[in-house]
Amino acid sequence: KKSPLFNNRKSFKHPKSTWMDAGDDDRKRKTPLKVNAGLLSNGYHKSPSDGPSLKRARKSINGHAGSEGEGRRFSVSLASTKQLPLQEQRSKLPIAKGKDALIQEFRENEVTVLLGETGSGKTTQVPQYLLESGIARDGMIAVTQPRKVAATSLATRVAVEQNVTLGSSVGYSVRFDERSSSETRIKYMTDGMIVRELMSDPLLSKYSVVIVDEAHERSLRTDLLIANLKTILRQRNTPQDVKGKGKGRADTNPLKIIVMSATLDAEKFGRFFSGAKIIYVQGRQHPVKIYHSSQGQVDYADAAMRTFFQIHTEYPPGDVLIFLPGQEDIESLEKTIQIYANQLPQDRMSVLMCPMYASQAPGQNSKVFRPTPPNTRKCILATNIAETSITIPGVKFVIDTGKCKEKRYLARNTGGGFDTLLTRDITQSSAMQRAGRAGREGAGYCFRLYTEDAFKTMALSSEPEIMRCSLSSSLLQLKCIGQDLETLELMDQPADESMKSSLILLFFLGALNQKKEITSIGRQMAAFPLEPIFSRAIIASKEYGCTHEVLDIVSILSASSKIFVESSEQRDAVSEARHTRKLTSPRARADCKDWCRRHFLNERALLEANDIREQLRQTCQRLGIDHQTSCGDKEDPVIHSLGHGLAMNLALLQPDGSYKQTIGQAIVKIHPSSTLCDKKTPAIIYDELVYTNQIYARGVSRISKSFIMTLGMLKQES
Ligand code: CDP
Ligand code: MG
């Protein structure tokens with residue numbers, strides 16, 4: 001799109017005007033903000049909520065604060081760390097210094113809040129300490145993560161450290177994928193999976209320790225887990241004579257809870273579990289020079305690319321970590337940087353691209369963790385997964401676009417009733433974390449593609465997810481274990497409007513009755529690890545005799561990336577493949593790769609959909625739904641089954657060509673990528689709304705008005 005940077009070196013030395021006061025000499029550069037040793041103690045102490053009471057409660061396990069000379073000392077250890085045997089690497093982690101004191105604290109306290117900088121060893125080491133010290137007795141240790149890819153990659157690492165095969169004593173459990181066995185003692189799992197386990201085991205009796213990791217993220221499931229843990233603690237740890245005979249299990253199976261967080265807003269967790277012990281692990285943080293751009297950047301991807309090449313040509317070796325909002329940005333920037341990197345003069349360091357985002361398949365990101373080859377610079381493109389969940393070794397430079405994707409529920413009364421995933425500005429807390437990633441192994445640099453004023457106007461930290469997300473699926477799960485979101489003791493209570501909206505959806509789907517009680521359909525729906533709209537469609541497919549087809553569709557929609565590959569260069573070919581060809585699958589498995597390529601399909605997404613389908617099939621079997629019933633070539637049964645689930649995703653054509661929701665106020669347009677885009681179909685059904693400059697419906701199908709009538713969802717006027 002733009003002229004190649006390398007033909008025009010000036011354009012890419014531009015940062016003279018871009019970076020504040022950036023002189024050619026490093027020492028002359030102004031550093032508007034310095035994150036140095038003790039990122040936490042310096043950077044955060046200013047916040048009024050982090051007052052003296054936290055300091056009082058905090059016990060410093062070790063005092064390894066970086067200071068002058070640290071950088072030099074470190075560069076020696078950096079060279080050697082990579083060759084260090086694993087056990088020695090473990091013993092060099094900041095947390096290892098305080099190991100014995102830490103174990104003592106865990107032994108003595110029912111609930112511990114453990115704070116520490118990213119990379120200090122909390123997530124990988126604490127579970128091993130608990131196992132090795134016998135604190136976990138013969139129970140399991142659950143370590144919860146808000147993200148799937150963190151759970152799988154951490155389990156892989158810890159299995160290596162324990163020298164066991166993944167799935168034996170160290171395993172993981174994430175949606176649609178599990179590697180664990182009866183031997184498993186340390187289980188990394190998503191917070192969603194453990195909340196799901198509550199349905200079959202309300203006391204979580206398998207676990208002797210539950211570690212709630214990345215608690216500062218305040219994901220919806222983590223909040224629900226924390227609320228439940230408080231109740232479970234009361235039930236499992238209250239002495240028998242207080243609770244009455246036979247009920248208390250205190251003697252046999254007490255529970256320990258460890259809440260771990262990378263940021264300092266821990267008092268709230270401590271208060272919630274009254275009397276929790278707060279412990280602080282001092283990390284090993286080196287100075288990071290932070291530069292802000294002098295002007296706001298219109299195109300953050302382009303700015304990131306230019307900054308990357310500026311670093312690559314002007315700065316010493318060291319890997320670069322670029323924070324981008326999402327997978328699409330990552331994939332496109334990866335291609336662009338690669339194209340320019342290929343044009344670099346032969347004598348330059350080469351560039352190794354390493355994308356990293358939540359929906360990657362396990363193992364796909366392994367080159368991120370492998371040592372950088374000689375004469376090479378890694379360019380890691382990551383979402384906020386690399387902010388605290390995963391520490392990537394070798395990073396010396398961080399480029400922060402200042403953007404992230406945030407899920408936010410648009411309440412029905414404001415014309416919404418759906419989740420949006422919008423790119424938005426990060427928070428100050430995220431910006432600090434991102435900068436800190438450059439100072440893990442030595443002094444580093446952080447280039448912020450936003451101005452210092454923009455930084456100052458950012459929110460301090462993000463709002464808990466429970467305040468801004470659709471609650472339907474959680475509400476339904478809680479109903480199954482006899483809980484109500486309204487009465488559950490949560491750290492933060494969601495808005496009434498959002499609660500009401502979710503109740504209405506569940507009522508329309510037939511999951512709840514008018515008294516807000518769960519129905520038998522609701523129970524069946526909750527058995528599927530799916531959003532209620534999709535589980536409802538599967539249940540309806542039984543009635544319409546098309547479970548086979550609906551399972552296919554729901555599996556594909558549940559895969560973490562889209563099965564259709566976009567290609568801007570071959571747009572016509574893609575369109576031809578998609579709109580005119582009937583796809584019949586290849587006979588032999590070996591032809592699959594080639595077949596996918598020819599038809600512009602994402603093989604990995606299809607294989608994932610296949611695994612998901614297998615899991616859904618098993619759930620069908622448990623519920624007595626015959627997964628093989630098929631309607632052959634007929635479309636209506638399938639559309640109608642989907643219609644039961646997507647009952648609130650129906651819209652009617654308006655005279656001006658737009659569509660109006662049958663429930664809710666929103667005016668939607670059919671997304672330009674849809675085959676129905678200009679077809680003036682009288683009534684449509686869609687599986688998602690995307691909100692860009694206007695609201696677009698995606699995954700659109702034609703549906704008959706008479707069917708909408710039978711659902712009883714057509715408004716009087718229509
Ligand atoms: O949880 P916390 O941020 O405190 O640290 P951690 O995740 O336990 O990581 C400790 C160290 O293990 C990091 O500095 C990484 O270098 C290393 N690690 C790794 O090499 N590969 C992984 N998959 C995970 C961690
Ligand atoms: Mg961690």
# chains A, B, ... in the order shown; residues from 1 in each chain; ligands from 1
>>> residues_around(residues="range 363-371 of chain A", least_positions_apart="5", cutoff="8 Å", atoms="only C-alpha atoms", output="list in words")
Lys82, Ser153, Cys354, Pro355, Met356, Ile380, Ile392, Pro393 and Gly394 of chain A
>>> write_last_selection(atoms="C-alpha atoms", output="compact mmCIF listing (two decimals), in the first residue's frame")
# COMPACT_ATOMS: atom_id res chain seq x y z
CA LYS A 82 19.45 -20.05 27.78
CA SER A 153 1.18 -23.60 27.25
CA CYS A 354 6.24 -15.07 15.85
CA PRO A 355 2.49 -14.41 16.03
CA MET A 356 0.79 -15.08 19.34
CA ILE A 380 6.62 -11.17 18.25
CA ILE A 392 8.19 -14.39 26.47
CA PRO A 393 11.93 -14.58 27.04
CA GLY A 394 14.41 -12.38 25.19
>>> residues_around(residues="range 511-524 of chain A", least_positions_apart="4", cutoff="7 Å", atoms="only C-alpha atoms", output="ChimeraX atom specification")
/A:479-480,506-507
>>> write_last_selection(atoms="N, CA and C atoms", output="PDB file, in the first residue's frame")
ATOM      1  N   LYS A 479     -28.115 -21.304  37.490  1.00  0.00           N
ATOM      2  CA  LYS A 479     -29.466 -21.833  37.766  1.00  0.00           C
ATOM      3  C   LYS A 479     -29.396 -23.341  37.977  1.00  0.00           C
ATOM      4  N   CYS A 480     -28.526 -24.003  37.208  1.00  0.00           N
ATOM      5  CA  CYS A 480     -28.377 -25.457  37.306  1.00  0.00           C
ATOM      6  C   CYS A 480     -27.896 -25.897  38.674  1.00  0.00           C
ATOM      7  N   LEU A 506     -33.083 -15.993  28.037  1.00  0.00           N
ATOM      8  CA  LEU A 506     -33.268 -17.367  28.509  1.00  0.00           C
ATOM      9  C   LEU A 506     -34.748 -17.732  28.553  1.00  0.00           C
ATOM     10  N   PHE A 507     -35.572 -16.762  28.860  1.00  0.00           N
ATOM     11  CA  PHE A 507     -37.008 -17.000  28.861  1.00  0.00           C
ATOM     12  C   PHE A 507     -37.506 -17.266  27.437  1.00  0.00           C
TER      13      PHE A 507
END
>>> residues_near_ligand(ligand="ligand 1", cutoff="9 Å", atoms="only C-alpha atoms and all ligand atoms", output="MDAnalysis selection string")
chainID A and resid 89:90 93:95 115:126 150 152:158 213:214 260:262 281 283 366 369:370 388:394 440:441
>>> select_by_dssp(residues="range 146-269 of chain A", states="alpha helix (DSSP H)", output="PyMOL selection string")
chain A and resi 148-162+191-200+220-237+240-243+267-269
>>> atom_distance(atom1="CA of Ser219 in chain A", atom2="CA of Ser558 in chain A")
20.0 Å
>>> closest_residue(among="A:Cys546, A:Ile553, A:Leu410, A:Ala559", to="Gln665 in chain A", atoms="only C-alpha atoms")
A:Leu410
>>> select_by_dssp(residues="range 118-317 of chain A", states="strand (DSSP E or B)", output="JSON, numbers by chain")
{"A": [140, 141, 142, 143, 144, 145, 166, 170, 171, 172, 173, 174, 177, 178, 179, 186, 187, 188, 189, 190, 207, 208, 209, 210, 211, 212, 256, 257, 258, 259, 260, 261, 277, 278, 279, 280, 281, 288, 289, 290, 291, 292, 293]}
>>> residues_around(residues="Glu566 in chain A", least_positions_apart="3", cutoff="12 Å", atoms="only C-alpha atoms", output="ChimeraX atom specification")
/A:328,331-332,561-563,569-575,577-578,597,599-602,673
>>> residues_around(residues="Ala438 in chain A", least_positions_apart="3", cutoff="7 Å", atoms="only C-alpha atoms", output="JSON, numbers by chain")
{"A": [288, 395, 396, 397, 398, 435, 444, 445, 446]}
>>> residues_around(residues="Ser180 in chain A", least_positions_apart="4", cutoff="10 Å", atoms="only C-alpha atoms", output="ChimeraX atom specification")
/A:166-173,184-188
>>> residues_around(residues="range 493-503 of chain A", least_positions_apart="5", cutoff="6 Å", atoms="only C-alpha atoms", output="short mmCIF file (atom, residue, chain, number, x, y, z; two decimals) with C-alpha atoms, in the first residue's frame")
data_model
loop_
_atom_site.label_atom_id
_atom_site.label_comp_id
_atom_site.auth_asym_id
_atom_site.auth_seq_id
_atom_site.Cartn_x
_atom_site.Cartn_y
_atom_site.Cartn_z
CA ILE A 466 -19.16 -9.01 34.74
CA MET A 467 -20.12 -5.33 34.42
CA LEU A 471 -24.56 -12.96 31.35
CA SER A 472 -26.92 -15.51 29.75
#
>>> residues_around(residues="Leu352 in chain A", least_positions_apart="4", cutoff="7 Å", atoms="only C-alpha atoms", output="ChimeraX atom specification")
/A:376-379
>>> decode(residues="range 135-168 of chain A", atoms="N, CA and C atoms", output="PDB file, in the first residue's frame")
ATOM      1  N   ILE A 135       1.551 -29.903  50.736  1.00  0.00           N
ATOM      2  CA  ILE A 135       0.404 -29.099  51.163  1.00  0.00           C
ATOM      3  C   ILE A 135      -0.879 -29.541  50.458  1.00  0.00           C
ATOM      4  N   ALA A 136      -0.718 -29.999  49.228  1.00  0.00           N
ATOM      5  CA  ALA A 136      -1.898 -30.422  48.469  1.00  0.00           C
ATOM      6  C   ALA A 136      -2.403 -31.800  48.916  1.00  0.00           C
ATOM      7  N   ARG A 137      -1.721 -32.422  49.868  1.00  0.00           N
ATOM      8  CA  ARG A 137      -2.057 -33.789  50.320  1.00  0.00           C
ATOM      9  C   ARG A 137      -2.238 -34.686  49.090  1.00  0.00           C
ATOM     10  N   ASP A 138      -3.334 -35.463  49.074  1.00  0.00           N
ATOM     11  CA  ASP A 138      -3.495 -36.294  47.878  1.00  0.00           C
ATOM     12  C   ASP A 138      -4.572 -35.753  46.938  1.00  0.00           C
ATOM     13  N   GLY A 139      -4.926 -34.484  47.157  1.00  0.00           N
ATOM     14  CA  GLY A 139      -5.926 -33.853  46.289  1.00  0.00           C
ATOM     15  C   GLY A 139      -5.281 -33.217  45.073  1.00  0.00           C
ATOM     16  N   MET A 140      -6.117 -32.640  44.233  1.00  0.00           N
ATOM     17  CA  MET A 140      -5.596 -31.993  43.030  1.00  0.00           C
ATOM     18  C   MET A 140      -5.404 -30.495  43.265  1.00  0.00           C
ATOM     19  N   ILE A 141      -4.525 -29.929  42.448  1.00  0.00           N
ATOM     20  CA  ILE A 141      -4.299 -28.485  42.473  1.00  0.00           C
ATOM     21  C   ILE A 141      -4.840 -27.923  41.165  1.00  0.00           C
ATOM     22  N   ALA A 142      -5.821 -27.058  41.272  1.00  0.00           N
ATOM     23  CA  ALA A 142      -6.339 -26.421  40.054  1.00  0.00           C
ATOM     24  C   ALA A 142      -5.675 -25.065  39.911  1.00  0.00           C
ATOM     25  N   VAL A 143      -5.225 -24.747  38.712  1.00  0.00           N
ATOM     26  CA  VAL A 143      -4.680 -23.414  38.452  1.00  0.00           C
ATOM     27  C   VAL A 143      -5.521 -22.823  37.334  1.00  0.00           C
ATOM     28  N   THR A 144      -6.279 -21.783  37.645  1.00  0.00           N
ATOM     29  CA  THR A 144      -7.208 -21.283  36.627  1.00  0.00           C
ATOM     30  C   THR A 144      -6.603 -20.123  35.847  1.00  0.00           C
ATOM     31  N   GLN A 145      -6.953 -20.064  34.591  1.00  0.00           N
ATOM     32  CA  GLN A 145      -6.470 -19.030  33.675  1.00  0.00           C
ATOM     33  C   GLN A 145      -7.654 -18.466  32.907  1.00  0.00           C
ATOM     34  N   PRO A 146      -7.679 -17.162  32.664  1.00  0.00           N
ATOM     35  CA  PRO A 146      -8.773 -16.647  31.838  1.00  0.00           C
ATOM     36  C   PRO A 146      -8.650 -17.078  30.378  1.00  0.00           C
ATOM     37  N   ARG A 147      -7.463 -17.469  29.933  1.00  0.00           N
ATOM     38  CA  ARG A 147      -7.300 -17.806  28.514  1.00  0.00           C
ATOM     39  C   ARG A 147      -6.812 -19.221  28.302  1.00  0.00           C
ATOM     40  N   LYS A 148      -7.424 -19.805  27.273  1.00  0.00           N
ATOM     41  CA  LYS A 148      -7.147 -21.166  26.883  1.00  0.00           C
ATOM     42  C   LYS A 148      -5.663 -21.394  26.572  1.00  0.00           C
ATOM     43  N   VAL A 149      -5.080 -20.522  25.751  1.00  0.00           N
ATOM     44  CA  VAL A 149      -3.721 -20.750  25.297  1.00  0.00           C
ATOM     45  C   VAL A 149      -2.721 -20.628  26.448  1.00  0.00           C
ATOM     46  N   ALA A 150      -3.058 -19.821  27.460  1.00  0.00           N
ATOM     47  CA  ALA A 150      -2.188 -19.736  28.632  1.00  0.00           C
ATOM     48  C   ALA A 150      -2.226 -21.063  29.377  1.00  0.00           C
ATOM     49  N   ALA A 151      -3.422 -21.612  29.562  1.00  0.00           N
ATOM     50  CA  ALA A 151      -3.559 -22.868  30.296  1.00  0.00           C
ATOM     51  C   ALA A 151      -2.764 -23.988  29.618  1.00  0.00           C
ATOM     52  N   THR A 152      -2.895 -24.113  28.312  1.00  0.00           N
ATOM     53  CA  THR A 152      -2.211 -25.217  27.640  1.00  0.00           C
ATOM     54  C   THR A 152      -0.695 -25.006  27.620  1.00  0.00           C
ATOM     55  N   SER A 153      -0.257 -23.779  27.368  1.00  0.00           N
ATOM     56  CA  SER A 153       1.183 -23.601  27.252  1.00  0.00           C
ATOM     57  C   SER A 153       1.869 -23.687  28.615  1.00  0.00           C
ATOM     58  N   LEU A 154       1.210 -23.226  29.677  1.00  0.00           N
ATOM     59  CA  LEU A 154       1.801 -23.342  31.009  1.00  0.00           C
ATOM     60  C   LEU A 154       1.868 -24.794  31.459  1.00  0.00           C
ATOM     61  N   ALA A 155       0.820 -25.555  31.151  1.00  0.00           N
ATOM     62  CA  ALA A 155       0.835 -26.979  31.517  1.00  0.00           C
ATOM     63  C   ALA A 155       1.989 -27.683  30.804  1.00  0.00           C
ATOM     64  N   THR A 156       2.191 -27.332  29.539  1.00  0.00           N
ATOM     65  CA  THR A 156       3.274 -27.947  28.772  1.00  0.00           C
ATOM     66  C   THR A 156       4.617 -27.656  29.432  1.00  0.00           C
ATOM     67  N   ARG A 157       4.803 -26.394  29.807  1.00  0.00           N
ATOM     68  CA  ARG A 157       6.061 -25.997  30.437  1.00  0.00           C
ATOM     69  C   ARG A 157       6.275 -26.736  31.761  1.00  0.00           C
ATOM     70  N   VAL A 158       5.245 -26.772  32.604  1.00  0.00           N
ATOM     71  CA  VAL A 158       5.397 -27.370  33.926  1.00  0.00           C
ATOM     72  C   VAL A 158       5.600 -28.890  33.826  1.00  0.00           C
ATOM     73  N   ALA A 159       4.977 -29.510  32.836  1.00  0.00           N
ATOM     74  CA  ALA A 159       5.207 -30.945  32.629  1.00  0.00           C
ATOM     75  C   ALA A 159       6.690 -31.181  32.323  1.00  0.00           C
ATOM     76  N   VAL A 160       7.276 -30.312  31.514  1.00  0.00           N
ATOM     77  CA  VAL A 160       8.700 -30.437  31.201  1.00  0.00           C
ATOM     78  C   VAL A 160       9.528 -30.245  32.478  1.00  0.00           C
ATOM     79  N   GLU A 161       9.169 -29.229  33.265  1.00  0.00           N
ATOM     80  CA  GLU A 161       9.921 -28.981  34.502  1.00  0.00           C
ATOM     81  C   GLU A 161       9.819 -30.155  35.468  1.00  0.00           C
ATOM     82  N   GLN A 162       8.668 -30.803  35.478  1.00  0.00           N
ATOM     83  CA  GLN A 162       8.478 -31.958  36.356  1.00  0.00           C
ATOM     84  C   GLN A 162       8.994 -33.239  35.710  1.00  0.00           C
ATOM     85  N   ASN A 163       9.414 -33.118  34.468  1.00  0.00           N
ATOM     86  CA  ASN A 163       9.911 -34.257  33.724  1.00  0.00           C
ATOM     87  C   ASN A 163       8.880 -35.382  33.592  1.00  0.00           C
ATOM     88  N   VAL A 164       7.667 -34.994  33.273  1.00  0.00           N
ATOM     89  CA  VAL A 164       6.598 -35.982  33.061  1.00  0.00           C
ATOM     90  C   VAL A 164       5.931 -35.699  31.714  1.00  0.00           C
ATOM     91  N   THR A 165       5.203 -36.669  31.197  1.00  0.00           N
ATOM     92  CA  THR A 165       4.498 -36.390  29.947  1.00  0.00           C
ATOM     93  C   THR A 165       3.226 -35.602  30.260  1.00  0.00           C
ATOM     94  N   LEU A 166       2.921 -34.686  29.376  1.00  0.00           N
ATOM     95  CA  LEU A 166       1.737 -33.851  29.554  1.00  0.00           C
ATOM     96  C   LEU A 166       0.505 -34.748  29.602  1.00  0.00           C
ATOM     97  N   GLY A 167      -0.346 -34.516  30.609  1.00  0.00           N
ATOM     98  CA  GLY A 167      -1.546 -35.336  30.732  1.00  0.00           C
ATOM     99  C   GLY A 167      -1.409 -36.387  31.828  1.00  0.00           C
ATOM    100  N   SER A 168      -0.175 -36.605  32.313  1.00  0.00           N
ATOM    101  CA  SER A 168      -0.029 -37.525  33.447  1.00  0.00           C
ATOM    102  C   SER A 168      -0.185 -36.713  34.732  1.00  0.00           C
TER     103      SER A 168
END
